[in-house]
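Structure data follow from structure.cif (mmCIF, C-alpha atoms):
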```cif
data_query
#
loop_
_atom_site.group_PDB
_atom_site.id
_atom_site.type_symbol
_atom_site.label_atom_id
_atom_site.label_comp_id
_atom_site.auth_asym_id
_atom_site.auth_seq_id
_atom_site.Cartn_x
_atom_site.Cartn_y
_atom_site.Cartn_z
ATOM 1 C CA MET T 1 -13.127 -26.965 1.604
ATOM 2 C CA ILE T 2 -9.565 -27.924 0.651
ATOM 3 C CA ALA T 3 -9.802 -26.777 -2.968
ATOM 4 C CA PRO T 4 -8.031 -23.419 -2.326
ATOM 5 C CA PHE T 5 -5.059 -25.229 -0.783
ATOM 6 C CA ILE T 6 -4.811 -27.625 -3.716
ATOM 7 C CA ASP T 7 -5.011 -24.704 -6.134
ATOM 8 C CA GLU T 8 -2.212 -22.951 -4.263
ATOM 9 C CA THR T 9 -0.063 -26.087 -4.458
ATOM 10 C CA LEU T 10 -0.660 -26.410 -8.187
ATOM 11 C CA ALA T 11 0.321 -22.763 -8.633
ATOM 12 C CA ALA T 12 3.515 -23.478 -6.704
ATOM 13 C CA THR T 13 4.191 -26.387 -9.060
ATOM 14 C CA HIS T 14 3.904 -24.022 -12.004
ATOM 15 C CA ILE T 15 6.285 -21.529 -10.362
ATOM 16 C CA ALA T 16 8.779 -24.321 -9.634
ATOM 17 C CA LEU T 17 8.714 -25.426 -13.265
ATOM 18 C CA LYS T 18 9.196 -21.870 -14.453
ATOM 19 C CA GLY T 19 12.109 -21.336 -12.075
ATOM 20 C CA SER T 20 13.830 -24.518 -13.213
ATOM 21 C CA GLY T 21 13.425 -23.685 -16.897
ATOM 22 C CA LEU T 22 11.499 -26.915 -17.512
ATOM 23 C CA THR T 23 8.265 -27.565 -19.365
ATOM 24 C CA VAL T 24 5.541 -30.023 -18.391
ATOM 25 C CA SER T 25 6.702 -32.350 -21.178
ATOM 26 C CA ALA T 26 10.121 -32.592 -19.507
ATOM 27 C CA ILE T 27 8.675 -34.269 -16.404
ATOM 28 C CA ASP T 28 9.421 -38.017 -16.308
ATOM 29 C CA GLU T 29 7.528 -39.018 -13.190
ATOM 30 C CA ILE T 30 5.427 -37.493 -10.415
ATOM 31 C CA LEU T 31 6.177 -38.620 -6.857
ATOM 32 C CA LEU T 32 3.817 -37.631 -4.054
ATOM 33 C CA VAL T 33 5.372 -36.772 -0.677
ATOM 34 C CA GLY T 34 3.463 -36.194 2.566
ATOM 35 C CA GLY T 35 0.376 -37.884 3.947
ATOM 36 C CA ALA T 36 -1.969 -35.193 2.594
ATOM 37 C CA THR T 37 -1.190 -36.366 -0.940
ATOM 38 C CA ARG T 38 -3.254 -39.485 -0.238
ATOM 39 C CA THR T 39 -6.288 -37.304 -0.947
ATOM 40 C CA PRO T 40 -7.688 -38.577 -4.298
ATOM 41 C CA LEU T 41 -8.418 -35.055 -5.535
ATOM 42 C CA ILE T 42 -4.711 -34.213 -5.470
ATOM 43 C CA SER T 43 -3.799 -37.050 -7.835
ATOM 44 C CA LYS T 44 -6.771 -36.216 -10.032
ATOM 45 C CA GLN T 45 -5.808 -32.532 -10.355
ATOM 46 C CA LEU T 46 -2.123 -33.295 -10.941
ATOM 47 C CA GLN T 47 -3.013 -35.714 -13.706
ATOM 48 C CA LYS T 48 -5.334 -33.162 -15.250
ATOM 49 C CA VAL T 49 -2.791 -30.335 -15.187
ATOM 50 C CA LEU T 50 0.442 -32.239 -15.873
ATOM 51 C CA GLY T 51 -0.924 -35.047 -18.041
ATOM 52 C CA LYS T 52 0.756 -37.837 -16.030
ATOM 53 C CA THR T 53 -0.530 -40.201 -13.369
ATOM 54 C CA PRO T 54 1.357 -39.799 -10.074
ATOM 55 C CA ARG T 55 3.176 -42.913 -8.880
ATOM 56 C CA ALA T 56 1.606 -44.545 -5.831
ATOM 57 C CA GLU T 57 4.171 -47.175 -4.832
ATOM 58 C CA VAL T 58 6.278 -44.704 -2.802
ATOM 59 C CA ASP T 59 4.940 -44.303 0.738
ATOM 60 C CA PRO T 60 4.361 -40.516 1.125
ATOM 61 C CA ASP T 61 4.573 -40.693 4.941
ATOM 62 C CA LEU T 62 7.878 -42.578 4.952
ATOM 63 C CA CYS T 63 9.354 -39.974 2.568
ATOM 64 C CA VAL T 64 8.765 -37.296 5.185
ATOM 65 C CA ALA T 65 10.066 -39.504 7.995
ATOM 66 C CA MET T 66 13.222 -40.356 6.052
ATOM 67 C CA GLY T 67 13.874 -36.696 5.266
ATOM 68 C CA ALA T 68 13.525 -35.779 8.936
ATOM 69 C CA SER T 69 15.849 -38.639 9.907
ATOM 70 C CA ILE T 70 18.522 -37.554 7.432
ATOM 71 C CA GLN T 71 18.318 -33.959 8.593
ATOM 72 C CA GLY T 72 18.464 -35.042 12.236
ATOM 73 C CA GLY T 73 21.484 -37.196 11.518
ATOM 74 C CA MET T 74 23.266 -34.313 9.824
ATOM 75 C CA ILE T 75 22.601 -32.034 12.813
ATOM 76 C CA ALA T 76 23.907 -34.742 15.152
ATOM 77 C CA GLY T 77 27.083 -35.087 13.118
ATOM 78 C CA GLU T 78 26.301 -38.441 11.556
ATOM 79 C CA ASP T 79 27.853 -39.379 8.213
ATOM 80 C CA VAL T 80 24.846 -39.533 5.870
ATOM 81 C CA SER T 81 24.827 -40.446 2.204
ATOM 82 C CA ALA T 82 22.237 -37.853 1.217
ATOM 83 C CA VAL T 83 22.248 -34.152 1.961
ATOM 84 C CA LEU T 84 19.196 -31.943 2.381
ATOM 85 C CA VAL T 85 19.675 -28.225 1.967
ATOM 86 C CA ASP T 86 17.488 -25.191 2.488
ATOM 87 C CA VAL T 87 17.245 -22.798 -0.446
ATOM 88 C CA THR T 88 16.048 -19.250 -0.751
ATOM 89 C CA PRO T 89 12.724 -18.976 -2.620
ATOM 90 C CA TYR T 90 13.456 -15.379 -3.674
ATOM 91 C CA THR T 91 16.234 -13.339 -5.269
ATOM 92 C CA PHE T 92 17.819 -10.546 -3.218
ATOM 93 C CA GLY T 93 19.814 -7.680 -4.675
ATOM 94 C CA THR T 94 20.266 -3.954 -4.981
ATOM 95 C CA SER T 95 19.716 -1.232 -7.581
ATOM 96 C CA ALA T 96 22.287 0.529 -9.744
ATOM 97 C CA VAL T 97 22.575 2.663 -12.849
ATOM 98 C CA GLY T 98 22.535 0.506 -15.965
ATOM 99 C CA MET T 99 20.767 -0.348 -19.201
ATOM 100 C CA LEU T 100 17.078 -1.104 -18.715
ATOM 101 C CA ASP T 101 14.893 -1.493 -21.805
ATOM 102 C CA ASP T 102 17.714 -0.045 -23.949
ATOM 103 C CA GLU T 103 17.910 3.105 -21.825
ATOM 104 C CA TYR T 104 20.072 4.141 -18.892
ATOM 105 C CA SER T 105 18.160 3.901 -15.639
ATOM 106 C CA PRO T 106 19.038 4.258 -11.944
ATOM 107 C CA ASN T 107 16.668 1.382 -11.187
ATOM 108 C CA LEU T 108 18.446 -1.601 -12.735
ATOM 109 C CA PHE T 109 18.013 -4.564 -10.391
ATOM 110 C CA VAL T 110 21.338 -6.289 -9.678
ATOM 111 C CA PRO T 111 20.802 -9.774 -8.157
ATOM 112 C CA ILE T 112 23.339 -10.728 -5.490
ATOM 113 C CA ILE T 113 21.768 -13.801 -3.872
ATOM 114 C CA ARG T 114 19.762 -15.616 -6.514
ATOM 115 C CA LYS T 115 16.579 -17.614 -6.087
ATOM 116 C CA ASN T 116 17.115 -21.323 -5.245
ATOM 117 C CA SER T 117 20.600 -20.719 -3.803
ATOM 118 C CA PRO T 118 21.427 -23.068 -0.872
ATOM 119 C CA ILE T 119 21.448 -21.287 2.486
ATOM 120 C CA PRO T 120 23.217 -20.158 4.581
ATOM 121 C CA ILE T 121 24.950 -18.143 1.883
ATOM 122 C CA THR T 122 27.093 -15.023 1.566
ATOM 123 C CA LYS T 123 27.501 -13.214 -1.743
ATOM 124 C CA ALA T 124 28.919 -9.820 -2.701
ATOM 125 C CA ASP T 125 29.177 -7.498 -5.681
ATOM 126 C CA ALA T 126 31.193 -4.343 -6.325
ATOM 127 C CA PHE T 127 29.785 -0.989 -7.437
ATOM 128 C CA GLY T 128 31.488 2.268 -8.426
ATOM 129 C CA THR T 129 30.473 5.808 -7.541
ATOM 130 C CA LEU T 130 29.114 7.987 -10.358
ATOM 131 C CA GLN T 131 30.712 11.325 -9.508
ATOM 132 C CA ASP T 132 34.142 12.606 -8.512
ATOM 133 C CA LYS T 133 34.495 13.121 -4.743
ATOM 134 C CA GLN T 134 31.098 11.569 -4.124
ATOM 135 C CA GLU T 135 30.519 11.653 -0.376
ATOM 136 C CA GLU T 136 27.724 9.127 0.077
ATOM 137 C CA VAL T 137 25.775 6.322 -1.550
ATOM 138 C CA GLU T 138 22.328 4.950 -0.793
ATOM 139 C CA VAL T 139 22.074 1.173 -0.694
ATOM 140 C CA GLN T 140 18.604 -0.221 -1.398
ATOM 141 C CA ILE T 141 17.862 -3.927 -0.972
ATOM 142 C CA PHE T 142 15.075 -5.547 -2.976
ATOM 143 C CA GLN T 143 13.349 -8.922 -2.964
ATOM 144 C CA GLY T 144 12.056 -10.067 -6.348
ATOM 145 C CA GLU T 145 12.802 -11.235 -9.864
ATOM 146 C CA MET T 146 12.036 -8.227 -12.091
ATOM 147 C CA ALA T 147 14.807 -6.406 -13.992
ATOM 148 C CA ASP T 148 13.306 -3.063 -12.923
ATOM 149 C CA ALA T 149 14.067 -2.742 -9.219
ATOM 150 C CA THR T 150 10.995 -0.569 -8.615
ATOM 151 C CA ARG T 151 8.805 -3.557 -9.529
ATOM 152 C CA ASN T 152 10.354 -5.646 -6.785
ATOM 153 C CA THR T 153 9.751 -5.304 -3.046
ATOM 154 C CA LEU T 154 11.979 -2.844 -1.203
ATOM 155 C CA ILE T 155 12.898 -4.569 2.079
ATOM 156 C CA GLY T 156 15.558 -2.212 3.435
ATOM 157 C CA LYS T 157 17.812 0.741 2.689
ATOM 158 C CA PHE T 158 20.576 2.768 4.313
ATOM 159 C CA THR T 159 23.091 5.471 3.420
ATOM 160 C CA VAL T 160 26.865 5.159 3.607
ATOM 161 C CA SER T 161 28.272 8.643 4.301
ATOM 162 C CA GLY T 162 31.815 9.963 4.574
ATOM 163 C CA LEU T 163 33.288 8.328 1.487
ATOM 164 C CA ALA T 164 36.841 9.296 0.517
ATOM 165 C CA ALA T 165 37.245 12.203 -1.911
ATOM 166 C CA LEU T 166 38.177 9.982 -4.857
ATOM 167 C CA PRO T 167 37.429 10.149 -8.587
ATOM 168 C CA ALA T 168 34.278 8.514 -9.964
ATOM 169 C CA GLY T 169 34.477 4.758 -9.789
ATOM 170 C CA ASN T 170 35.328 4.573 -6.090
ATOM 171 C CA ILE T 171 34.491 0.949 -5.263
ATOM 172 C CA VAL T 172 31.827 0.110 -2.678
ATOM 173 C CA ILE T 173 31.308 -3.602 -2.019
ATOM 174 C CA VAL T 174 27.789 -4.700 -1.089
ATOM 175 C CA ARG T 175 27.700 -8.042 0.741
ATOM 176 C CA LEU T 176 24.572 -10.034 1.610
ATOM 177 C CA SER T 177 24.526 -12.887 4.128
ATOM 178 C CA LEU T 178 21.328 -14.944 4.437
ATOM 179 C CA ASP T 179 20.759 -17.711 6.990
ATOM 180 C CA ALA T 180 18.128 -20.424 7.334
ATOM 181 C CA ASN T 181 16.202 -18.328 9.880
ATOM 182 C CA GLY T 182 15.493 -15.694 7.241
ATOM 183 C CA ILE T 183 17.893 -13.126 8.701
ATOM 184 C CA LEU T 184 19.559 -11.080 5.960
ATOM 185 C CA GLN T 185 22.687 -9.149 6.941
ATOM 186 C CA VAL T 186 23.570 -6.361 4.492
ATOM 187 C CA THR T 187 27.000 -4.745 4.612
ATOM 188 C CA ALA T 188 28.457 -1.996 2.429
ATOM 189 C CA VAL T 189 32.232 -1.458 2.543
ATOM 190 C CA GLU T 190 34.302 1.232 0.831
ATOM 191 C CA LYS T 191 37.203 -0.756 -0.612
ATOM 192 C CA GLU T 192 39.760 2.083 -0.395
ATOM 193 C CA THR T 193 39.276 2.995 3.275
ATOM 194 C CA GLY T 194 37.377 0.090 4.834
ATOM 195 C CA LEU T 195 34.491 2.390 5.815
ATOM 196 C CA GLU T 196 31.618 0.052 6.629
ATOM 197 C CA LYS T 197 27.924 0.186 7.422
ATOM 198 C CA SER T 198 25.479 -2.666 7.989
ATOM 199 C CA VAL T 199 21.788 -3.337 8.441
ATOM 200 C CA THR T 200 19.959 -6.489 9.523
ATOM 201 C CA ILE T 201 16.666 -7.497 7.889
ATOM 202 C CA HIS T 202 14.532 -10.088 9.696
ATOM 203 C CA GLY T 203 12.003 -12.350 7.998
ATOM 204 C CA ALA T 204 13.602 -12.028 4.557
ATOM 205 C CA LEU T 205 12.473 -15.525 3.527
ATOM 206 C CA SER T 206 8.826 -14.559 4.013
ATOM 207 C CA ARG T 207 6.993 -12.935 1.144
ATOM 208 C CA LEU T 208 7.198 -9.294 2.183
ATOM 209 C CA GLU T 209 4.082 -7.356 1.256
ATOM 210 C CA GLY T 210 4.913 -4.499 -1.077
ATOM 211 C CA THR T 211 1.255 -3.562 -1.576
ATOM 212 C CA ASN T 212 -2.068 -4.379 -0.018
ATOM 213 C CA LEU T 213 -5.072 -5.479 -2.038
ATOM 214 C CA ALA T 214 -6.433 -1.962 -2.543
ATOM 215 C CA THR T 215 -3.070 -0.662 -3.713
ATOM 216 C CA ALA T 216 -2.744 -3.654 -6.026
ATOM 217 C CA ARG T 217 -6.041 -2.800 -7.679
ATOM 218 C CA ASP T 218 -5.006 0.839 -7.981
ATOM 219 C CA ARG T 219 -1.750 -0.154 -9.724
ATOM 220 C CA ILE T 220 -3.662 -2.236 -12.288
ATOM 221 C CA ASP T 221 -6.352 0.433 -12.752
ATOM 222 C CA SER T 222 -3.714 3.124 -13.260
ATOM 223 C CA LEU T 223 -2.442 1.168 -16.258
ATOM 224 C CA PHE T 224 -5.601 -0.163 -17.894
ATOM 225 C CA GLY T 225 -8.640 0.677 -15.827
ATOM 226 C CA ASP T 226 -9.266 4.352 -16.464
ATOM 227 C CA ALA T 227 -10.036 6.303 -19.615
ATOM 228 C CA LYS T 228 -6.817 8.275 -19.467
ATOM 229 C CA ALA T 229 -4.703 5.138 -19.655
ATOM 230 C CA GLU T 230 -6.834 3.759 -22.474
ATOM 231 C CA GLN T 231 -6.520 7.021 -24.366
ATOM 232 C CA SER T 232 -2.744 6.960 -23.940
ATOM 233 C CA ILE T 233 -2.556 3.519 -25.491
ATOM 234 C CA ASP T 234 -5.059 4.286 -28.229
ATOM 235 C CA SER T 235 -3.222 7.465 -29.206
ATOM 236 C CA ALA T 236 -0.149 5.479 -30.265
ATOM 237 C CA PRO T 237 0.285 4.739 -33.987
ATOM 238 C CA PRO T 238 -2.056 1.889 -34.946
ATOM 239 C CA PRO T 239 -0.188 -1.442 -35.054
ATOM 240 C CA ALA T 240 -0.607 -4.074 -37.752
ATOM 241 C CA GLU T 241 -3.801 -6.110 -37.618
ATOM 242 C CA LYS T 242 -2.096 -9.046 -35.936
ATOM 243 C CA ASN T 243 -0.558 -6.810 -33.295
ATOM 244 C CA HIS T 244 -3.801 -4.930 -32.814
ATOM 245 C CA HIS T 245 -5.503 -8.226 -32.005
ATOM 246 C CA ALA T 246 -2.703 -9.030 -29.542
ATOM 247 C CA VAL T 247 -3.263 -5.702 -27.759
ATOM 248 C CA ILE T 248 -7.001 -6.350 -27.459
ATOM 249 C CA GLN T 249 -6.340 -9.854 -26.138
ATOM 250 C CA ALA T 250 -3.796 -8.543 -23.636
ATOM 251 C CA SER T 251 -6.142 -5.823 -22.376
ATOM 252 C CA ALA T 252 -8.923 -8.358 -21.850
ATOM 253 C CA LEU T 253 -6.563 -10.646 -19.949
ATOM 254 C CA VAL T 254 -5.423 -7.781 -17.710
ATOM 255 C CA GLU T 255 -9.046 -6.926 -16.930
ATOM 256 C CA LYS T 256 -9.581 -10.547 -15.932
ATOM 257 C CA ALA T 257 -6.454 -10.451 -13.778
ATOM 258 C CA GLY T 258 -7.758 -7.376 -11.967
ATOM 259 C CA ARG T 259 -10.868 -9.311 -10.981
ATOM 260 C CA SER T 260 -8.808 -12.304 -9.847
ATOM 261 C CA ILE T 261 -6.374 -10.756 -7.374
ATOM 262 C CA GLU T 262 -8.752 -10.899 -4.419
ATOM 263 C CA GLY T 263 -8.234 -14.051 -2.412
ATOM 264 C CA VAL T 264 -4.963 -15.132 -4.045
ATOM 265 C CA SER T 265 -1.715 -15.535 -2.159
ATOM 266 C CA PRO T 266 0.576 -12.490 -1.802
ATOM 267 C CA GLU T 267 3.147 -14.167 -4.056
ATOM 268 C CA ASP T 268 0.623 -14.752 -6.846
ATOM 269 C CA ARG T 269 -0.767 -11.238 -6.394
ATOM 270 C CA ASP T 270 2.670 -9.652 -6.806
ATOM 271 C CA GLU T 271 3.424 -11.751 -9.872
ATOM 272 C CA ILE T 272 0.082 -10.804 -11.464
ATOM 273 C CA ILE T 273 0.747 -7.103 -10.833
ATOM 274 C CA ASN T 274 4.305 -7.303 -12.164
ATOM 275 C CA LEU T 275 3.140 -9.020 -15.354
ATOM 276 C CA THR T 276 0.296 -6.510 -15.743
ATOM 277 C CA GLU T 277 2.782 -3.641 -15.633
ATOM 278 C CA ALA T 278 5.112 -5.473 -18.021
ATOM 279 C CA ILE T 279 2.228 -5.941 -20.480
ATOM 280 C CA HIS T 280 1.381 -2.247 -20.288
ATOM 281 C CA ASP T 281 4.990 -1.231 -20.940
ATOM 282 C CA ALA T 282 5.261 -3.664 -23.859
ATOM 283 C CA ILE T 283 2.089 -2.247 -25.462
ATOM 284 C CA VAL T 284 3.232 1.351 -25.107
ATOM 285 C CA ALA T 285 6.699 0.531 -26.479
ATOM 286 C CA GLU T 286 5.196 -1.724 -29.192
ATOM 287 C CA ARG T 287 7.405 -4.639 -28.128
ATOM 288 C CA PHE T 288 4.973 -7.262 -29.361
ATOM 289 C CA ASP T 289 7.310 -10.240 -29.002
ATOM 290 C CA ASP T 290 7.703 -9.378 -25.319
ATOM 291 C CA LEU T 291 3.956 -8.782 -25.076
ATOM 292 C CA LYS T 292 3.262 -12.309 -26.307
ATOM 293 C CA GLU T 293 5.593 -13.770 -23.673
ATOM 294 C CA TYR T 294 4.057 -11.730 -20.828
ATOM 295 C CA VAL T 295 0.523 -12.645 -21.924
ATOM 296 C CA GLU T 296 1.411 -16.338 -21.944
ATOM 297 C CA GLN T 297 2.888 -16.098 -18.445
ATOM 298 C CA LEU T 298 -0.155 -14.268 -17.080
ATOM 299 C CA SER T 299 -2.497 -16.730 -18.798
ATOM 300 C CA ASP T 300 -0.680 -19.643 -17.173
ATOM 301 C CA ILE T 301 -0.988 -18.114 -13.707
ATOM 302 C CA LEU T 302 -4.692 -17.356 -14.100
ATOM 303 C CA TYR T 303 -5.290 -20.846 -15.494
ATOM 304 C CA TYR T 304 -3.786 -22.528 -12.453
ATOM 305 C CA LEU T 305 -5.623 -20.192 -10.080
ATOM 306 C CA GLU T 306 -8.919 -21.212 -11.682
ATOM 307 C CA GLN T 307 -8.376 -24.973 -11.423
#
```
Output the file's structure as structure tokens, nothing else.
Amino acid sequence: MIAPFIDETLAATHIALKGSGLTVSAIDEILLVGGATRTPLISKQLQKVLGKTPRAEVDPDLCVAMGASIQGGMIAGEDVSAVLVDVTPYTFGTSAVGMLDDEYSPNLFVPIIRKNSPIPITKADAFGTLQDKQEEVEVQIFQGEMADATRNTLIGKFTVSGLAALPAGNIVIVRLSLDANGILQVTAVEKETGLEKSVTIHGALSRLEGTNLATARDRIDSLFGDAKAEQSIDSAPPPAEKNHHAVIQASALVEKAGRSIEGVSPEDRDEIINLTEAIHDAIVAERFDDLKEYVEQLSDILYYLEQ
């Protein structure tokens, strides 16, 4: 009955390792926190996946109690030796014109508040207009980690109108403020005149659904599932034998991923879809080094989902 929850936790462990840039071999010790970790199956699965036996001498209940005490002391103004901070689990940013896959694109994702940043936090970046006497700019805010903004989740947008009639390069500063309640305040300010417009986005720390399950399947099928897509890939110049094998392996893995997206968490579903699209683009562009990396990432996710 609890297996799906343990699988989800193991997937989160994998995501945490990936985000920190660490490998399993870099882990020195495993400490279990929280009374639920007393369940024998949790230790068994962690040892199986990470290759290390979790330490049992630390009381998992007292860890939680101590953390709550420290946090309570901080709120009450006590001088505590340790500090607990909330961090954002996602990156937030906007889109701009820039180099994407060696080509100019209007969909380059520009991170402003990066994943794992302590919150509350306020960050800003400056952008220039593209045309002389440009009167307005559209500010789009995305949640995600992909370099192509369209592969992230659009969580809000607004237009700043009435800009000064200045040459191209008129500076507009985009500022994001995120608090621990998940409220994201977005402000765009024209540096020259002080013209300002803001929007407030609630629930930004929740995984915002960019697609439902049916749409997710359609996105995967549009890349690999129908004959037209297969014909498009097959019509490209035949790669070397080694690369041809890599393409076949990747296509089989994507087919498996398409069957696996039902029942997974929204976060895992989005990551599977993003990697599926990245694999498709790498095959079409014959970027086989990138293809290998994307295949490994997708394989890791599917492996942990199956445990």
Any chance you could work out the residue set of the PyMOL selection byres ((chain T and resi 30) around 8) here, as a short mmCIF file (atom, residue, chain, number, x, y, z; two decimals) with C-alpha atoms, in the frame of the given file?
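Result file out30.cif:
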```
data_model
loop_
_atom_site.label_atom_id
_atom_site.label_comp_id
_atom_site.auth_asym_id
_atom_site.auth_seq_id
_atom_site.Cartn_x
_atom_site.Cartn_y
_atom_site.Cartn_z
CA ILE T 27 8.68 -34.27 -16.40
CA ASP T 28 9.42 -38.02 -16.31
CA GLU T 29 7.53 -39.02 -13.19
CA LEU T 31 6.18 -38.62 -6.86
CA LEU T 32 3.82 -37.63 -4.05
CA LYS T 52 0.76 -37.84 -16.03
CA THR T 53 -0.53 -40.20 -13.37
CA PRO T 54 1.36 -39.80 -10.07
CA ARG T 55 3.18 -42.91 -8.88
#
```
Legend entry - Selection result of the PyMOL selection byres ((chain T and resi 165) around 10) on this file, as a PyMOL selection string: chain T and resi 132-135+162-164+166-168+170
Inset, instruction - I would like the residues chosen by the PyMOL selection byres ((chain T and resi 94) around 12) on the shown file; could you give them as an NGL selection string? - result: :T and (91-93 or 95-97 or 106-114 or 124-127 or 138-150 or 152-158 or 173-176 or 186-188)
Take the selection from the previous step and output its residues with C-alpha atoms, as a JSON list (two decimals), in the coordinates of the input.
```json
[["chain", "number", "residue", "atom", "x", "y", "z"],
["T", 91, "THR", "CA", 16.23, -13.34, -5.27],
["T", 92, "PHE", "CA", 17.82, -10.55, -3.22],
["T", 93, "GLY", "CA", 19.81, -7.68, -4.68],
["T", 95, "SER", "CA", 19.72, -1.23, -7.58],
["T", 96, "ALA", "CA", 22.29, 0.53, -9.74],
["T", 97, "VAL", "CA", 22.58, 2.66, -12.85],
["T", 106, "PRO", "CA", 19.04, 4.26, -11.94],
["T", 107, "ASN", "CA", 16.67, 1.38, -11.19],
["T", 108, "LEU", "CA", 18.45, -1.60, -12.74],
["T", 109, "PHE", "CA", 18.01, -4.56, -10.39],
["T", 110, "VAL", "CA", 21.34, -6.29, -9.68],
["T", 111, "PRO", "CA", 20.80, -9.77, -8.16],
["T", 112, "ILE", "CA", 23.34, -10.73, -5.49],
["T", 113, "ILE", "CA", 21.77, -13.80, -3.87],
["T", 114, "ARG", "CA", 19.76, -15.62, -6.51],
["T", 124, "ALA", "CA", 28.92, -9.82, -2.70],
["T", 125, "ASP", "CA", 29.18, -7.50, -5.68],
["T", 126, "ALA", "CA", 31.19, -4.34, -6.32],
["T", 127, "PHE", "CA", 29.78, -0.99, -7.44],
["T", 138, "GLU", "CA", 22.33, 4.95, -0.79],
["T", 139, "VAL", "CA", 22.07, 1.17, -0.69],
["T", 140, "GLN", "CA", 18.60, -0.22, -1.40],
["T", 141, "ILE", "CA", 17.86, -3.93, -0.97],
["T", 142, "PHE", "CA", 15.08, -5.55, -2.98],
["T", 143, "GLN", "CA", 13.35, -8.92, -2.96],
["T", 144, "GLY", "CA", 12.06, -10.07, -6.35],
["T", 145, "GLU", "CA", 12.80, -11.24, -9.86],
["T", 146, "MET", "CA", 12.04, -8.23, -12.09],
["T", 147, "ALA", "CA", 14.81, -6.41, -13.99],
["T", 148, "ASP", "CA", 13.31, -3.06, -12.92],
["T", 149, "ALA", "CA", 14.07, -2.74, -9.22],
["T", 150, "THR", "CA", 11.00, -0.57, -8.62],
["T", 152, "ASN", "CA", 10.35, -5.65, -6.78],
["T", 153, "THR", "CA", 9.75, -5.30, -3.05],
["T", 154, "LEU", "CA", 11.98, -2.84, -1.20],
["T", 155, "ILE", "CA", 12.90, -4.57, 2.08],
["T", 156, "GLY", "CA", 15.56, -2.21, 3.44],
["T", 157, "LYS", "CA", 17.81, 0.74, 2.69],
["T", 158, "PHE", "CA", 20.58, 2.77, 4.31],
["T", 173, "ILE", "CA", 31.31, -3.60, -2.02],
["T", 174, "VAL", "CA", 27.79, -4.70, -1.09],
["T", 175, "ARG", "CA", 27.70, -8.04, 0.74],
["T", 176, "LEU", "CA", 24.57, -10.03, 1.61],
["T", 186, "VAL", "CA", 23.57, -6.36, 4.49],
["T", 187, "THR", "CA", 27.00, -4.74, 4.61],
["T", 188, "ALA", "CA", 28.46, -2.00, 2.43]]
```
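As for atom CA of Pro40 of chain T and atom CA of Glu8 of chain T, they are spaced 16.6 Å apart.
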Listed atoms of segment 135-147 of chain T boxed axis-aligned with 4 Å per side, centre + edges as JSON:
```
{"center_x": 21.3, "center_y": 0.2, "center_z": -7.0, "size_x": 26.5, "size_y": 30.9, "size_z": 22.1}
```
Inset, instruction - Using atom CA of Glu255 of chain T and atom CA of Lys292 of chain T as the two end points, give the distance in Å to one decimal. - result: 16.4 Å
Inset, instruction - To one decimal in Å, tell me the separation between atom CA of Ser161 of chain T and atom CA of Lys123 of chain T. - result: 22.7 Å
Inset, instruction - Can you work out which one of T:Thr88, T:Val49, T:Ile70, T:Val247 has the shortest atom-to-atom distance to Arg287 of chain T, counting all atoms listed in the file? - result: T:Val247
Inset, instruction - Choose the residue, out of T:Ile75, T:Val87, T:Leu275, T:Leu62, that has the smallest atom-to-atom separation from Gly182 of chain T; count only C-alpha atoms. - result: T:Val87
